[in-house]
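Shown below: input11.cif, with mmCIF, C-alpha atoms.
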data_query
#
loop_
_atom_site.label_atom_id
_atom_site.label_comp_id
_atom_site.auth_asym_id
_atom_site.auth_seq_id
_atom_site.Cartn_x
_atom_site.Cartn_y
_atom_site.Cartn_z
CA MET N 174 2.11 24.75 -20.69
CA PHE N 175 5.57 25.47 -19.46
CA ILE N 176 8.34 26.40 -21.79
CA MET N 177 11.71 26.22 -20.12
CA LYS N 178 15.12 27.36 -21.10
CA GLY N 179 17.21 24.83 -19.26
CA LYS N 180 16.42 23.56 -15.80
CA LYS N 181 14.68 25.73 -13.30
CA SER N 182 16.11 26.81 -9.99
CA SER N 183 13.23 28.21 -8.07
CA VAL N 184 11.54 28.41 -4.73
CA SER N 185 9.39 25.47 -5.79
CA ALA N 186 12.51 23.40 -6.60
CA ARG N 187 13.97 24.22 -3.17
CA ARG N 188 10.80 23.13 -1.48
CA LYS N 189 10.62 19.92 -3.50
CA ILE N 190 14.21 18.80 -2.88
CA MET N 191 13.82 19.55 0.83
CA THR N 192 10.52 17.61 0.96
CA SER N 193 12.17 14.70 -0.84
CA GLY N 194 14.94 14.64 1.79
CA VAL N 195 12.47 14.78 4.69
CA LEU N 196 10.30 12.00 3.22
CA ILE N 197 13.27 9.70 2.59
CA GLY N 198 14.65 10.54 6.05
CA ILE N 199 11.39 9.48 7.71
CA GLY N 200 11.32 6.28 5.66
CA VAL N 201 14.97 5.45 6.32
CA MET N 202 14.60 5.89 10.08
CA ALA N 203 11.51 3.67 10.09
CA LEU N 204 13.53 1.04 8.21
CA VAL N 205 16.44 1.34 10.68
CA ASP N 206 13.94 0.87 13.50
CA GLU N 207 12.39 -2.17 11.85
CA ILE N 208 15.52 -3.88 10.51
CA ILE N 209 17.98 -3.16 13.33
CA PHE N 210 15.88 -2.91 16.47
CA HIS N 211 13.02 -5.29 15.63
CA GLN N 212 14.64 -7.92 13.42
CA LEU N 213 18.41 -8.01 14.06
CA LEU N 214 18.80 -7.05 17.72
CA GLN N 215 15.25 -8.13 18.59
CA TRP N 216 15.21 -5.46 21.33
CA HIS N 217 11.86 -4.03 20.24
CA HIS N 218 8.92 -6.38 20.54
CA PHE N 219 6.34 -6.72 17.78
CA PHE N 220 3.65 -6.18 20.36
CA ASP N 221 3.78 -4.87 23.92
CA PHE N 222 0.73 -5.68 26.01
CA ASP N 223 1.01 -2.29 27.74
CA THR N 224 0.15 -0.53 24.47
CA THR N 225 -2.94 1.68 24.53
CA GLN N 226 -5.62 0.94 21.91
CA PHE N 227 -5.01 4.42 20.51
CA GLY N 228 -1.30 3.58 20.33
CA ILE N 229 -1.97 0.55 18.12
CA PHE N 230 -3.75 2.73 15.57
CA SER N 231 -1.37 5.69 15.66
CA ASP N 232 1.64 3.35 15.29
CA GLY N 233 -0.01 1.61 12.33
CA LEU N 234 -0.64 4.94 10.60
CA LEU N 235 2.87 6.22 11.36
CA ASN N 236 4.57 3.15 9.93
CA SER N 237 2.24 3.08 6.95
CA PHE N 238 3.09 6.74 6.27
CA ALA N 239 6.82 5.99 6.60
CA LEU N 240 6.58 3.24 3.98
CA PHE N 241 4.77 5.63 1.63
CA ALA N 242 7.23 8.42 2.44
CA ILE N 243 10.36 6.59 1.30
CA VAL N 244 8.83 5.64 -2.05
CA ALA N 245 7.27 9.08 -2.63
CA GLY N 246 10.55 10.74 -1.60
CA ILE N 247 12.56 8.73 -4.14
CA PHE N 248 10.13 9.55 -6.98
CA LEU N 249 10.07 13.21 -5.95
CA PHE N 250 13.88 13.19 -6.05
CA ALA N 251 13.80 11.70 -9.56
CA HIS N 252 11.32 14.40 -10.57
CA VAL N 253 13.52 17.22 -9.24
CA VAL N 254 16.64 15.79 -10.89
CA ARG N 255 14.83 15.71 -14.23
CA ILE N 256 13.50 19.25 -14.35
CA HIS N 257 15.22 21.41 -11.76
CA THR N 258 18.68 22.33 -10.59
CA TYR N 259 19.04 21.49 -6.94
CA SER N 260 21.45 21.54 -4.03
CA THR N 261 22.57 18.20 -2.58
CA VAL N 262 23.16 19.92 0.75
CA ARG N 263 19.54 21.02 0.89
CA TRP N 264 18.47 17.43 0.23
CA ALA N 265 20.82 16.19 2.98
CA ALA N 266 19.40 18.82 5.36
CA GLY N 267 15.92 17.44 4.68
CA LEU N 268 17.18 13.87 5.13
CA PHE N 269 18.64 14.56 8.58
CA LEU N 270 15.62 16.59 9.67
CA GLY N 271 13.30 13.77 8.56
CA MET N 272 15.37 11.12 10.34
CA GLY N 273 15.62 13.21 13.50
CA ALA N 274 11.91 14.03 13.53
CA PHE N 275 10.94 10.37 13.19
CA GLN N 276 13.43 9.32 15.87
CA LEU N 277 12.24 12.03 18.26
CA PHE N 278 8.57 11.17 17.72
CA ASP N 279 9.34 7.46 18.13
CA GLY N 280 11.40 8.05 21.28
CA ILE N 281 8.91 10.32 23.03
CA VAL N 282 5.40 9.65 21.72
CA SER N 283 5.65 5.98 20.66
CA HIS N 284 7.90 4.66 23.42
CA LYS N 285 6.94 6.84 26.38
CA VAL N 286 3.46 8.33 25.87
CA LEU N 287 1.66 5.55 23.98
CA ARG N 288 3.96 2.75 25.22
CA ILE N 289 3.84 0.94 21.87
CA HIS N 290 6.99 -0.90 22.83
CA GLN N 291 10.13 -0.10 24.81
CA ILE N 292 13.63 0.13 23.36
CA ARG N 293 14.71 -3.01 25.19
CA TYR N 294 13.23 -5.30 27.81
CA ASN N 295 14.52 -6.50 31.20
CA VAL N 296 17.06 -3.67 31.44
CA ASP N 297 17.23 -0.26 33.08
CA LEU N 298 15.53 1.82 30.38
CA LEU N 299 16.75 5.28 31.37
CA PRO N 300 20.17 5.20 29.60
CA TYR N 301 18.52 3.72 26.51
CA ASP N 302 15.86 6.44 26.42
CA ILE N 303 18.48 9.15 26.92
CA ALA N 304 20.66 7.73 24.14
CA TRP N 305 17.66 7.41 21.83
CA ILE N 306 16.39 10.94 22.33
CA SER N 307 19.93 12.41 22.20
CA SER N 308 20.52 10.70 18.86
CA ALA N 309 17.28 12.28 17.62
CA ILE N 310 18.39 15.72 18.75
CA LEU N 311 21.82 15.20 17.16
CA LEU N 312 20.20 14.28 13.82
CA LEU N 313 17.92 17.33 14.02
CA ALA N 314 20.92 19.54 14.86
CA ILE N 315 22.89 18.27 11.84
CA GLY N 316 19.85 18.83 9.62
CA GLY N 317 19.28 22.29 11.06
CA PHE N 318 22.94 23.25 10.62
CA LEU N 319 22.99 22.11 6.97
CA TRP N 320 19.77 23.96 6.29
CA TYR N 321 21.15 27.15 7.85
CA ARG N 322 24.30 26.85 5.71
CA VAL N 323 22.46 26.31 2.46
CA ARG N 324 19.96 29.10 3.11
CA LYS N 325 22.76 31.56 3.72
CA ASN N 326 24.24 30.76 0.30
CA ASP N 327 20.92 30.93 -1.56
CA PRO N 328 21.10 33.33 -4.47
CA ALA N 329 17.94 35.37 -4.88
CA VAL N 330 15.77 33.59 -7.43
CA GLN N 331 12.36 34.31 -8.80
CA GLY N 332 9.56 32.14 -7.48
CA ASP N 333 7.19 30.50 -9.93
CA MET P 916 -18.75 -28.11 6.98
CA HIS P 917 -15.67 -30.21 6.28
CA ASP P 918 -17.42 -32.20 3.53
CA HIS P 919 -18.77 -28.98 2.10
CA PHE P 920 -15.23 -27.67 1.84
CA HIS P 921 -14.49 -30.04 -1.05
CA ALA P 922 -17.60 -28.76 -2.82
CA ILE P 923 -16.30 -25.20 -2.37
CA GLN P 924 -12.90 -26.21 -3.78
CA ASP P 925 -14.59 -27.70 -6.86
CA ALA P 926 -16.73 -24.58 -7.27
CA VAL P 927 -13.63 -22.35 -7.13
CA VAL P 928 -11.90 -24.35 -9.87
CA VAL P 929 -15.02 -24.32 -12.09
CA THR P 930 -15.46 -20.55 -11.58
CA ALA P 931 -11.82 -19.88 -12.44
CA VAL P 932 -12.10 -21.97 -15.62
CA ILE P 933 -15.33 -20.19 -16.65
CA LEU P 934 -13.78 -16.76 -16.02
CA THR P 935 -10.72 -17.72 -18.08
CA LEU P 936 -12.86 -18.94 -20.99
CA GLY P 937 -15.00 -15.81 -20.73
CA TYR P 938 -11.92 -13.60 -20.90
CA LEU P 939 -10.54 -15.48 -23.92
CA MET P 940 -13.89 -15.24 -25.72
CA ALA P 941 -14.14 -11.52 -25.01
CA MET P 942 -10.60 -11.18 -26.32
CA ARG P 943 -11.56 -12.83 -29.61
CA VAL P 944 -14.50 -10.47 -30.07
CA SER P 945 -12.34 -7.47 -29.20
CA ASN P 946 -9.61 -8.53 -31.63
CA ARG P 947 -12.20 -8.72 -34.40
CA LYS P 948 -13.65 -5.27 -33.65
CA PHE P 949 -10.53 -3.37 -32.55
CA GLY P 950 -6.77 -3.80 -32.65
CA ARG P 951 -4.90 -6.75 -31.20
CA TRP P 952 -5.34 -7.21 -27.45
CA PRO P 953 -1.83 -7.67 -25.93
CA VAL P 954 -1.00 -11.31 -25.12
CA ARG P 955 0.43 -10.49 -21.68
CA ARG P 956 -3.04 -9.51 -20.45
CA PRO P 957 -4.72 -12.96 -20.64
CA PHE P 958 -1.63 -14.33 -18.85
CA LEU P 959 -2.06 -11.73 -16.10
CA TRP P 960 -5.76 -12.63 -15.88
CA ILE P 961 -4.93 -16.34 -15.48
CA LEU P 962 -2.12 -15.54 -13.02
CA GLY P 963 -4.56 -13.46 -10.95
CA LEU P 964 -7.19 -16.21 -10.97
CA VAL P 965 -4.63 -18.87 -10.00
CA THR P 966 -3.35 -16.62 -7.19
CA ALA P 967 -6.88 -16.09 -5.88
CA ALA P 968 -7.81 -19.78 -6.27
CA SER P 969 -4.69 -20.94 -4.41
CA ALA P 970 -6.27 -19.52 -1.25
CA PHE P 971 -8.81 -22.39 -1.52
CA VAL P 972 -7.29 -25.16 -3.63
CA GLY P 973 -3.96 -26.96 -3.47
CA PRO P 974 -1.65 -27.31 -0.47
CA LEU P 975 -2.22 -23.76 0.84
CA GLY P 976 -5.98 -23.96 0.35
CA ASP P 977 -6.16 -27.30 2.17
CA ALA P 978 -4.08 -25.98 5.07
CA ALA P 979 -5.92 -22.63 5.23
CA HIS P 980 -9.05 -24.44 6.31
CA GLU P 981 -7.37 -25.80 9.46
CA ASN P 982 -4.49 -23.44 10.17
CA PHE P 983 -4.59 -19.71 10.90
CA ILE P 984 -1.13 -18.98 9.44
CA ALA P 985 -2.08 -20.60 6.12
CA HIS P 986 -5.40 -18.77 6.32
CA MET P 987 -3.51 -15.45 6.50
CA TYR P 988 -1.29 -16.29 3.53
CA GLY P 989 -4.49 -17.14 1.67
CA HIS P 990 -6.00 -13.80 2.71
CA LEU P 991 -2.97 -11.91 1.33
CA LEU P 992 -3.16 -13.77 -1.99
CA LEU P 993 -6.95 -13.52 -2.38
CA GLY P 994 -7.60 -10.00 -1.16
CA MET P 995 -4.37 -8.16 -1.99
CA LEU P 996 -2.05 -9.81 -4.53
CA ALA P 997 -4.56 -11.37 -6.96
CA PRO P 998 -6.37 -8.03 -7.57
CA ILE P 999 -3.11 -6.38 -8.68
CA PHE P 1000 -2.53 -9.05 -11.36
CA LEU P 1001 -6.19 -8.91 -12.41
CA VAL P 1002 -6.37 -5.13 -12.74
CA TYR P 1003 -3.34 -5.19 -15.08
CA SER P 1004 -5.26 -7.56 -17.38
CA LYS P 1005 -7.77 -4.68 -17.80
CA PRO P 1006 -11.00 -6.70 -17.60
CA MET P 1007 -13.29 -3.64 -17.68
CA THR P 1008 -11.66 -2.25 -20.81
CA LEU P 1009 -12.00 -5.67 -22.44
CA LEU P 1010 -15.62 -6.01 -21.37
CA LEU P 1011 -16.56 -2.63 -22.83
CA ARG P 1012 -14.79 -3.51 -26.08
CA ALA P 1013 -16.37 -6.94 -26.40
CA LEU P 1014 -19.95 -5.98 -25.56
CA PRO P 1015 -22.33 -4.67 -28.24
CA THR P 1016 -22.47 -0.86 -28.13
CA GLU P 1017 -25.89 -0.79 -26.41
CA ASP P 1018 -24.76 -3.06 -23.57
CA ALA P 1019 -21.41 -1.32 -23.24
CA ARG P 1020 -23.31 1.91 -22.73
CA ILE P 1021 -25.33 0.39 -19.91
CA VAL P 1022 -22.14 -0.85 -18.19
CA SER P 1023 -20.54 2.55 -18.60
CA ARG P 1024 -23.68 4.23 -17.21
CA VAL P 1025 -23.60 1.96 -14.13
CA LEU P 1026 -19.89 2.73 -13.68
CA ASN P 1027 -20.54 6.46 -13.76
CA SER P 1028 -23.75 6.35 -11.72
CA ALA P 1029 -23.85 7.88 -8.26
CA TYR P 1030 -23.53 4.35 -6.84
CA GLY P 1031 -20.56 3.52 -9.08
CA ARG P 1032 -18.81 6.71 -8.07
CA PHE P 1033 -19.59 6.11 -4.42
CA ILE P 1034 -18.16 2.59 -4.14
CA THR P 1035 -15.06 3.36 -6.23
CA ASN P 1036 -14.22 6.33 -4.01
CA PRO P 1037 -10.91 5.34 -2.38
CA PHE P 1038 -12.23 5.99 1.12
CA THR P 1039 -15.45 3.99 0.61
CA ALA P 1040 -13.42 1.16 -0.88
CA SER P 1041 -11.00 1.30 2.08
CA VAL P 1042 -13.85 1.06 4.57
CA LEU P 1043 -15.44 -1.85 2.68
CA ASN P 1044 -12.07 -3.60 2.48
CA ILE P 1045 -10.45 -2.98 5.89
CA GLY P 1046 -13.77 -2.54 7.73
CA GLY P 1047 -14.82 -5.96 6.45
CA LEU P 1048 -11.63 -7.45 7.88
CA PHE P 1049 -12.30 -5.87 11.28
CA LEU P 1050 -15.74 -7.57 11.22
CA ILE P 1051 -14.20 -10.94 10.36
CA TYR P 1052 -11.46 -10.97 12.99
CA MET P 1053 -12.84 -8.78 15.76
CA THR P 1054 -16.26 -10.46 16.00
CA ASP P 1055 -17.17 -14.15 16.08
CA LEU P 1056 -17.61 -14.12 12.31
CA TYR P 1057 -14.32 -16.00 11.92
CA VAL P 1058 -15.74 -18.87 14.01
CA TRP P 1059 -19.15 -18.81 12.34
CA MET P 1060 -17.75 -18.85 8.83
CA HIS P 1061 -16.05 -22.15 9.57
CA GLU P 1062 -19.38 -23.59 10.66
CA SER P 1063 -21.59 -22.34 7.85
CA MET P 1064 -20.83 -22.88 4.19
CA ILE P 1065 -22.93 -19.89 3.12
CA LEU P 1066 -21.05 -17.56 5.47
CA PHE P 1067 -17.71 -19.01 4.34
CA ILE P 1068 -18.58 -18.22 0.71
CA ILE P 1069 -19.95 -14.74 1.47
CA VAL P 1070 -16.94 -13.77 3.60
CA HIS P 1071 -14.37 -14.94 1.04
CA LEU P 1072 -16.26 -13.40 -1.85
CA HIS P 1073 -16.32 -10.15 0.09
CA VAL P 1074 -12.57 -10.29 0.84
CA PHE P 1075 -11.84 -10.81 -2.85
CA LEU P 1076 -14.31 -8.24 -4.25
CA ALA P 1077 -13.49 -5.59 -1.65
CA GLY P 1078 -9.78 -6.16 -2.27
CA TYR P 1079 -10.30 -5.74 -6.00
CA LEU P 1080 -12.47 -2.65 -5.49
CA PHE P 1081 -9.80 -1.15 -3.24
CA THR P 1082 -7.07 -1.82 -5.81
CA ILE P 1083 -8.99 -0.18 -8.69
CA SER P 1084 -9.86 2.76 -6.42
CA ILE P 1085 -6.15 3.44 -5.74
CA ILE P 1086 -4.43 2.73 -9.06
CA TYR P 1087 -6.02 3.73 -12.37
CA VAL P 1088 -4.86 1.04 -14.77
CA ASP P 1089 -8.23 -0.09 -16.11
CA ILE P 1090 -11.29 1.96 -17.12
CA THR P 1091 -12.93 3.19 -13.95
CA SER P 1092 -15.43 5.69 -12.62
CA HIS P 1093 -14.58 9.22 -11.45
CA ARG P 1094 -10.80 9.75 -11.17
CA HIS P 1095 -9.56 11.28 -7.93
CA ALA P 1096 -6.39 13.31 -7.38
CA TYR P 1097 -3.11 11.55 -6.53
CA TRP P 1098 -2.76 13.03 -3.06
CA TYR P 1099 -6.36 12.02 -2.27
CA ARG P 1100 -5.69 8.38 -3.21
CA ALA P 1101 -2.34 8.50 -1.39
CA VAL P 1102 -4.07 9.55 1.85
CA ALA P 1103 -6.63 6.75 1.48
CA LEU P 1104 -3.87 4.19 0.81
CA VAL P 1105 -1.81 5.28 3.83
CA ALA P 1106 -4.91 5.21 6.05
CA ALA P 1107 -5.99 1.79 4.78
CA LEU P 1108 -2.51 0.30 5.30
CA GLY P 1109 -2.32 1.91 8.75
CA PHE P 1110 -5.60 0.31 9.81
CA HIS P 1111 -4.50 -3.00 8.27
CA LYS P 1112 -1.37 -2.84 10.45
CA ALA P 1113 -3.42 -1.92 13.51
CA LEU P 1114 -5.78 -4.83 12.89
CA SER P 1115 -2.90 -7.29 12.68
CA LYS P 1116 -1.63 -6.05 16.07
CA LEU P 1117 -5.13 -6.44 17.52
CA ILE P 1118 -5.19 -10.01 16.19
CA TYR P 1119 -1.80 -10.59 17.83
CA GLN P 1120 -3.24 -9.26 21.08
CA SER P 1121 -6.31 -11.49 20.95
CA PRO P 1122 -6.55 -14.07 18.14
CA PRO P 1123 -10.04 -15.19 17.08
CA PRO P 1124 -11.66 -17.81 19.36
CA GLY P 1125 -10.46 -21.35 18.68
CA VAL P 1126 -7.13 -20.23 17.20
CA PRO P 1127 -4.13 -21.38 19.31
CA THR P 1128 -2.16 -18.39 20.69
CA GLY P 1129 1.12 -19.18 18.87
CA GLU P 1130 -0.65 -19.74 15.56
CA GLY P 1131 -2.66 -16.55 16.01
CA ARG P 1132 0.45 -14.48 16.71
CA THR P 1133 2.41 -15.84 13.77
CA GLY P 1134 -0.64 -15.33 11.54
CA ALA P 1135 -0.90 -11.73 12.75
CA MET P 1136 2.74 -11.10 11.85
CA VAL P 1137 2.20 -12.64 8.41
CA MET P 1138 -0.69 -10.20 7.95
CA TYR P 1139 1.43 -7.24 9.17
CA TYR P 1140 4.56 -7.82 7.08
CA GLY P 1141 2.80 -9.47 4.13
CA GLY P 1142 0.49 -6.45 3.98
CA ASP P 1143 3.58 -4.22 3.86
CA VAL P 1144 5.01 -6.13 0.91
CA VAL P 1145 1.85 -6.06 -1.20
CA ASP P 1146 0.93 -2.49 -0.31
CA LEU P 1147 4.50 -1.46 -1.15
CA VAL P 1148 3.72 -2.60 -4.69
CA LEU P 1149 0.58 -0.42 -4.72
CA ILE P 1150 2.54 2.54 -3.31
CA ILE P 1151 5.23 2.19 -5.99
CA ILE P 1152 2.64 1.99 -8.79
CA LEU P 1153 0.73 5.03 -7.47
CA CYS P 1154 3.90 7.12 -7.02
CA TYR P 1155 5.21 6.07 -10.43
CA HIS P 1156 1.99 7.22 -12.13
CA TRP P 1157 2.17 10.46 -10.15
CA TYR P 1158 5.80 10.97 -11.22
CA LYS P 1159 4.97 10.28 -14.88
CA LYS P 1160 2.18 12.83 -14.81
CA GLU P 1161 4.28 15.59 -13.21
CA THR P 1162 7.51 15.00 -15.13
CA PRO P 1163 7.86 15.79 -18.84
CA GLU P 1164 8.94 12.89 -21.06
CA ARG P 1165 12.56 12.65 -22.08
CA GLY P 1166 12.68 13.45 -25.79
CA SER P 1167 9.62 15.70 -25.63
CA GLU P 1168 10.08 19.34 -26.56
CA THR P 1169 10.90 20.43 -23.03
CA GLY P 1170 13.02 17.33 -22.50
CA ALA P 1171 15.10 18.11 -25.58
CA GLU P 1172 15.53 21.69 -24.36
CA MET P 1173 16.78 20.40 -21.03
CA ALA P 1174 19.15 17.87 -22.54
CA LYS P 1175 21.17 20.72 -24.04
CA THR P 1176 21.92 22.31 -20.72
#

Before anything else, please render the file you have as structure tokens.
Amino acid sequence: MFIMKGKKSSVSARRKIMTSGVLIGIGVMALVDEIIFHQLLQWHHFFDFDTTQFGIFSDGLLNSFALFAIVAGIFLFAHVVRIHTYSTVRWAAGLFLGMGAFQLFDGIVSHKVLRIHQIRYNVDLLPYDIAWISSAILLLAIGGFLWYRVRKNDPAVQGD
Amino acid sequence: MHDHFHAIQDAVVVTAVILTLGYLMAMRVSNRKFGRWPVRRPFLWILGLVTAASAFVGPLGDAAHENFIAHMYGHLLLGMLAPIFLVYSKPMTLLLRALPTEDARIVSRVLNSAYGRFITNPFTASVLNIGGLFLIYMTDLYVWMHESMILFIIVHLHVFLAGYLFTISIIYVDITSHRHAYWYRAVALVAALGFHKALSKLIYQSPPPGVPTGEGRTGAMVMYYGGDVVDLVLIIILCYHWYKKETPERGSETGAEMAKT
């Protein structure tokens, strides 16, 4: 049983709001990938015949996790809003870190190592790969910066 | 096989009618013994049966026999969407209410037996469900089932039952066997959806023998994105239940405390 006087601000709340941001970030980036690069631009192909068999399975699991992540992240956010006080900046830090992590993994492991599909076909790939991975690093840097800022301002609270 | 297909269609309609009558009869018994059984549930039961039957009967069912794309839509309805409607009609709860106490005890004992616990484990159910699909599309079973009526029936019955088993192993709406933790079911669901996605890509890569390449590829994409849509429903239900469990009700003691601040 937990008896609370008002909402809690605790280490657990910090972890939850951050996790919510990361989960939604992963899900959002997977959606951007699917909606913009697969469906609208049609740069990415649904299937690339260079894909390794292992790549087919790892990509399936990654995208399945991303779909779960966005839903779980939204419910976790609702949970935190209901019972904890939270910092929006910390959530945003998680969001950018999640987006950057997905983008970086997609750009290096999915595109280059497992060759699940390329960013675009019949073009010189190098500038595309550089732009893709730079955007990932930029997202991670924004997330890292926000996280650093919010940690510096953390008042000391009791964990639960 | 083609002549037999009409016999199968008739059998599906008869089965659906019998199951509907059975549900309504059980509902009458339950209403006499217990409180009123909500009216939305028989509608969900009928909706689920119609969804499952439409994989065999009607325009989609007719086309599914000849065309791989229609076959895949049928697969999504039979193995994924229909079970969600059916589980919300709570057939197991109704059965246990309607049966005489002695028989209800036997059903409940089977449900809680080692076997019952084993097959309703989310990972076992995932293997039965997705593993079965790998067998259908990655071996010649897809070809054979269109040549033999018995195989056709067994395969489709398996797709439906394994799909239902998977659904009740992930979301606890109806009475079930041992209840597993949320994170445990979440991992099983993500893994099952991941393998479902991988299988659709493998089908895109090499459609079953006899399926034209274009048809096979479109069918594979229907499986991939259609699977996303239906599993998204399962994900939302699972996460919502998880959220409800972890978050105190508004208006409860703690909720009232919080509202003041």

Checklist entry - Which residues match the PyMOL selection byres ((chain P and resi 980) around 12) in the file above, as a PyMOL selection string? => result chain P and resi 916-921+923-924+970-979+981-990+1057-1058+1060-1062+1067+1126

Checklist entry - Which residue out of P:Ile1068, P:His1095, P:Pro1124, P:Val1145 has the minimum interatomic distance to P:Trp1157 when only C-alpha atoms are used? => result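 Looking only at the distances to P:Trp1157, the closest residue turns out to be P:His1095.
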
Restrict the calculation to only C-alpha atoms, then for each residue of chain N with any atom at most 10 Å from an atom of chain P give the closest atom pair and their distance in Å to one decimal, rows by chain and rising residue number, as a Markdown table.
| residue | atom | partner | partner_atom | distance |
| --- | --- | --- | --- | --- |
| N:Phe175 | CA | P:Thr1169 | CA | 8.2 |
| N:Ile176 | CA | P:Thr1169 | CA | 6.6 |
| N:Met177 | CA | P:Thr1169 | CA | 6.5 |
| N:Lys178 | CA | P:Glu1172 | CA | 6.6 |
| N:Gly179 | CA | P:Met1173 | CA | 4.8 |
| N:Lys180 | CA | P:Met1173 | CA | 6.1 |
| N:Lys181 | CA | P:Met1173 | CA | 9.6 |
| N:Phe219 | CA | P:Lys1116 | CA | 8.2 |
| N:Phe220 | CA | P:Lys1116 | CA | 6.8 |
| N:Asp221 | CA | P:Gln1120 | CA | 8.8 |
| N:Phe222 | CA | P:Gln1120 | CA | 7.3 |
| N:Thr224 | CA | P:Gln1120 | CA | 10.0 |
| N:Gln226 | CA | P:Leu1117 | CA | 8.6 |
| N:Phe227 | CA | P:Ala1113 | CA | 9.6 |
| N:Gly228 | CA | P:Ala1113 | CA | 9.0 |
| N:Ile229 | CA | P:Ala1113 | CA | 5.4 |
| N:Phe230 | CA | P:Ala1113 | CA | 5.1 |
| N:Ser231 | CA | P:Gly1109 | CA | 7.9 |
| N:Asp232 | CA | P:Ala1113 | CA | 7.5 |
| N:Gly233 | CA | P:Gly1109 | CA | 4.3 |
| N:Leu234 | CA | P:Gly1109 | CA | 3.9 |
| N:Leu235 | CA | P:Gly1109 | CA | 7.2 |
| N:Asn236 | CA | P:Gly1109 | CA | 7.1 |
| N:Ser237 | CA | P:Gly1109 | CA | 5.0 |
| N:Phe238 | CA | P:Val1105 | CA | 5.7 |
| N:Ala239 | CA | P:Val1105 | CA | 9.1 |
| N:Leu240 | CA | P:Leu1147 | CA | 7.3 |
| N:Phe241 | CA | P:Ile1150 | CA | 6.2 |
| N:Ala242 | CA | P:Ile1150 | CA | 9.5 |
| N:Ile243 | CA | P:Ile1150 | CA | 9.9 |
| N:Val244 | CA | P:Ile1151 | CA | 6.4 |
| N:Ala245 | CA | P:Cys1154 | CA | 5.9 |
| N:Gly246 | CA | P:Cys1154 | CA | 9.3 |
| N:Ile247 | CA | P:Cys1154 | CA | 9.3 |
| N:Phe248 | CA | P:Tyr1158 | CA | 6.2 |
| N:Leu249 | CA | P:Tyr1158 | CA | 7.1 |
| N:Phe250 | CA | P:Tyr1158 | CA | 9.8 |
| N:Ala251 | CA | P:Tyr1158 | CA | 8.2 |
| N:His252 | CA | P:Thr1162 | CA | 6.0 |
| N:Val253 | CA | P:Thr1162 | CA | 8.7 |
| N:Arg255 | CA | P:Thr1162 | CA | 7.4 |
| N:Ile256 | CA | P:Thr1162 | CA | 7.4 |
| N:His257 | CA | P:Met1173 | CA | 9.5 |

Checklist entry - Using all atoms listed in the file, can you list as an MDAnalysis selection string the residues within 10 Å of (17.1, 20.6, 4.5)? => result chainID N and resid 187:188 190:195 260:271 315:324

Checklist entry - So, counting all atoms listed in the file, which residue among P:Leu1048, P:Ser1121, P:Phe1033, P:Tyr1140 is closest to N:Gln212? => result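 Result for the nearest residue to N:Gln212: P:Tyr1140.
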
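In this model, the gap between atom CA of P:Pro1122 and atom CA of P:Met1053 comes to 8.6 Å.
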
Item to check | Å distance separating atom CA of N:Tyr301 from atom CA of N:His284, one decimal place | outcome: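 Separating atom CA of N:Tyr301 from atom CA of N:His284 is a distance of 11.1 Å.
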
Item to check | Minimum-distance residue to N:Ala304, chosen among N:Thr258, N:Gln276, N:Gln215, N:Ser185 (using all atoms listed in the file) | outcome: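 Among the listed residues, the smallest separation from N:Ala304 belongs to N:Gln276.
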
Item to check | P:Pro1037, P:Gly994, P:Pro957, P:Gly937 ranked by distance to P:Gly1142, top pick (using all atoms listed in the file) | outcome: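 Closest residue, counting all atoms listed in the file: P:Gly994.
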
Next on the checklist: One number please: atom CA of P:Val1137 to atom CA of P:Ile1045, in Å, one decimal.
Outcome noted: 16.1 Å

Next on the checklist: Which polymer residues, whether protein, DNA or RNA, lie within 12 Å of the coordinate (-13.8, -8.5, -32.2) when you count all atoms listed in the file? List them as an MDAnalysis selection string, using the chain letters and numbers from the file.
Outcome noted: chainID P and resid 939:952 1009:1015

I need the residues from that last selection saved to file as a PDB file, in the frame of the given file (with C-alpha atoms), if you can.
ATOM      1  CA  LEU P 939     -10.540 -15.480 -23.920  1.00  0.00           C
ATOM      2  CA  MET P 940     -13.890 -15.240 -25.720  1.00  0.00           C
ATOM      3  CA  ALA P 941     -14.140 -11.520 -25.010  1.00  0.00           C
ATOM      4  CA  MET P 942     -10.600 -11.180 -26.320  1.00  0.00           C
ATOM      5  CA  ARG P 943     -11.560 -12.830 -29.610  1.00  0.00           C
ATOM      6  CA  VAL P 944     -14.500 -10.470 -30.070  1.00  0.00           C
ATOM      7  CA  SER P 945     -12.340  -7.470 -29.200  1.00  0.00           C
ATOM      8  CA  ASN P 946      -9.610  -8.530 -31.630  1.00  0.00           C
ATOM      9  CA  ARG P 947     -12.200  -8.720 -34.400  1.00  0.00           C
ATOM     10  CA  LYS P 948     -13.650  -5.270 -33.650  1.00  0.00           C
ATOM     11  CA  PHE P 949     -10.530  -3.370 -32.550  1.00  0.00           C
ATOM     12  CA  GLY P 950      -6.770  -3.800 -32.650  1.00  0.00           C
ATOM     13  CA  ARG P 951      -4.900  -6.750 -31.200  1.00  0.00           C
ATOM     14  CA  TRP P 952      -5.340  -7.210 -27.450  1.00  0.00           C
ATOM     15  CA  LEU P1009     -12.000  -5.670 -22.440  1.00  0.00           C
ATOM     16  CA  LEU P1010     -15.620  -6.010 -21.370  1.00  0.00           C
ATOM     17  CA  LEU P1011     -16.560  -2.630 -22.830  1.00  0.00           C
ATOM     18  CA  ARG P1012     -14.790  -3.510 -26.080  1.00  0.00           C
ATOM     19  CA  ALA P1013     -16.370  -6.940 -26.400  1.00  0.00           C
ATOM     20  CA  LEU P1014     -19.950  -5.980 -25.560  1.00  0.00           C
ATOM     21  CA  PRO P1015     -22.330  -4.670 -28.240  1.00  0.00           C
TER      22      PRO P1015
END
